[in-house]
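Before any comments, here is the structure.
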Amino acid sequence: MSALPDDAIRNLFVELQAKYVSSQQQVNTTKAQIQAKQRERKMVDLTRRELDTLAPETKTYQPVGKMFMQAPLSKLKTEHAKQMETIDEQITQLEKSQKYWERSANEAQGNLKDILNGPRNM
């Protein structure tokens with residue numbers, strides 16, 4: 001005799017299936033966010049490297065809305081360094097989130113397999 005009635009198994013199956021789909025969607029969203037942050041990091045790194053090649057007396061400009069304002073080179077370099085640190089922290093957080101959602105999806109998938117492969121008496 002089955003431990004749970006068929007209706008309870010069916011409800012549990014639907015619930016786990018929804019959890020699995022939701023977790024997979026979160027994994028995909030998180031992967032896209034990580035890729036976007038990595039592109040952003042690459043752009044900031046390229047800009048920082050270009051700034052490093054400039055002479056200290058070079059006039060530099062910082063974008064402010066739709067205009068550019070003159071800013072010291074050292075200020076731009078420190079802002080880009082801070083921005084790189086911030087992006088690295090965000091990527092780390094997103095990777096942790098991705099691992100959580102992957103683990104959640106794997107648990108739901110394992111539970112679904114257990115339900116499908118479980119003993120049934122007709």
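So you can find residues: chains in the structure tokens are A, B, ... in the order shown, residues in each start at 1, and ligands are numbered from 1 in order.
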Inset, instruction - Name the residues of segment 13-84 of chain A that come out as alpha helix (DSSP H) in a backbone DSSP run; write them as number ranges by chain. - result: A: 13-53, 73-84
Next, the residues of the selection above should be written as a PDB file, in the first residue's frame with C-alpha atoms.
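To be explicit, this is the file written out as again.pdb:
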ATOM      1  CA  PHE A  13       4.601  16.324  -7.960  1.00  0.00           C
ATOM      2  CA  VAL A  14       3.047  19.537  -9.327  1.00  0.00           C
ATOM      3  CA  GLU A  15       4.566  21.547  -6.470  1.00  0.00           C
ATOM      4  CA  LEU A  16       8.044  20.098  -7.014  1.00  0.00           C
ATOM      5  CA  GLN A  17       7.760  20.581 -10.752  1.00  0.00           C
ATOM      6  CA  ALA A  18       6.899  24.269 -10.248  1.00  0.00           C
ATOM      7  CA  LYS A  19       9.829  24.640  -7.839  1.00  0.00           C
ATOM      8  CA  TYR A  20      12.189  23.034 -10.363  1.00  0.00           C
ATOM      9  CA  VAL A  21      11.038  25.286 -13.214  1.00  0.00           C
ATOM     10  CA  SER A  22      11.276  28.378 -11.020  1.00  0.00           C
ATOM     11  CA  SER A  23      14.766  27.428  -9.848  1.00  0.00           C
ATOM     12  CA  GLN A  24      15.922  26.825 -13.418  1.00  0.00           C
ATOM     13  CA  GLN A  25      14.597  30.236 -14.456  1.00  0.00           C
ATOM     14  CA  GLN A  26      16.471  31.847 -11.567  1.00  0.00           C
ATOM     15  CA  VAL A  27      19.667  30.031 -12.581  1.00  0.00           C
ATOM     16  CA  ASN A  28      19.348  31.318 -16.152  1.00  0.00           C
ATOM     17  CA  THR A  29      18.604  34.865 -14.973  1.00  0.00           C
ATOM     18  CA  THR A  30      21.581  34.808 -12.616  1.00  0.00           C
ATOM     19  CA  LYS A  31      23.871  33.507 -15.379  1.00  0.00           C
ATOM     20  CA  ALA A  32      22.774  36.381 -17.621  1.00  0.00           C
ATOM     21  CA  GLN A  33      23.413  38.879 -14.817  1.00  0.00           C
ATOM     22  CA  ILE A  34      26.892  37.434 -14.230  1.00  0.00           C
ATOM     23  CA  GLN A  35      27.722  37.701 -17.922  1.00  0.00           C
ATOM     24  CA  ALA A  36      26.529  41.321 -17.997  1.00  0.00           C
ATOM     25  CA  LYS A  37      28.665  42.169 -14.956  1.00  0.00           C
ATOM     26  CA  GLN A  38      31.684  40.461 -16.508  1.00  0.00           C
ATOM     27  CA  ARG A  39      31.247  42.545 -19.679  1.00  0.00           C
ATOM     28  CA  GLU A  40      30.941  45.672 -17.557  1.00  0.00           C
ATOM     29  CA  ARG A  41      34.081  44.699 -15.634  1.00  0.00           C
ATOM     30  CA  LYS A  42      35.974  44.161 -18.870  1.00  0.00           C
ATOM     31  CA  MET A  43      34.970  47.621 -20.117  1.00  0.00           C
ATOM     32  CA  VAL A  44      36.043  49.265 -16.857  1.00  0.00           C
ATOM     33  CA  ASP A  45      39.333  47.354 -16.934  1.00  0.00           C
ATOM     34  CA  LEU A  46      40.043  48.446 -20.515  1.00  0.00           C
ATOM     35  CA  THR A  47      39.288  52.058 -19.609  1.00  0.00           C
ATOM     36  CA  ARG A  48      41.526  51.848 -16.558  1.00  0.00           C
ATOM     37  CA  ARG A  49      44.370  50.425 -18.636  1.00  0.00           C
ATOM     38  CA  GLU A  50      43.999  53.262 -21.140  1.00  0.00           C
ATOM     39  CA  LEU A  51      44.073  55.787 -18.302  1.00  0.00           C
ATOM     40  CA  ASP A  52      47.277  54.187 -17.012  1.00  0.00           C
ATOM     41  CA  THR A  53      48.989  54.888 -20.340  1.00  0.00           C
ATOM     42  CA  LEU A  73      43.435  61.840 -13.973  1.00  0.00           C
ATOM     43  CA  SER A  74      44.085  60.498 -10.464  1.00  0.00           C
ATOM     44  CA  LYS A  75      40.398  60.895  -9.577  1.00  0.00           C
ATOM     45  CA  LEU A  76      39.323  58.927 -12.655  1.00  0.00           C
ATOM     46  CA  LYS A  77      41.810  56.163 -11.862  1.00  0.00           C
ATOM     47  CA  THR A  78      40.584  55.803  -8.275  1.00  0.00           C
ATOM     48  CA  GLU A  79      36.941  55.820  -9.386  1.00  0.00           C
ATOM     49  CA  HIS A  80      37.616  53.054 -11.899  1.00  0.00           C
ATOM     50  CA  ALA A  81      39.470  51.032  -9.260  1.00  0.00           C
ATOM     51  CA  LYS A  82      36.508  51.381  -6.878  1.00  0.00           C
ATOM     52  CA  GLN A  83      34.117  50.451  -9.657  1.00  0.00           C
ATOM     53  CA  MET A  84      36.146  47.298 -10.384  1.00  0.00           C
TER      54      MET A  84
END
Inset, instruction - Using DSSP on the backbone, list every residue of chain A that comes out as strand (DSSP E or B), and give them as a list in words. - result: Thr60, Tyr61, Gln62, Pro63, Val64, Met67, Phe68, Met69, Gln70 and Ala71 of chain A
Legend entry - Two-atom distance - atom CA of Thr60 of chain A, atom CA of Ile91 of chain A (Å):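 Computing the Euclidean distance for atom CA of Thr60 of chain A and atom CA of Ile91 of chain A yields 29.0 Å.
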Inset, instruction - Just the residues within 12 Å of Leu12 of chain A, please, counting only C-alpha atoms, with nothing from its chain fewer than 3 positions along; format it as number ranges by chain. - result: A: 4-9, 15-19, 108, 111-112, 114-116
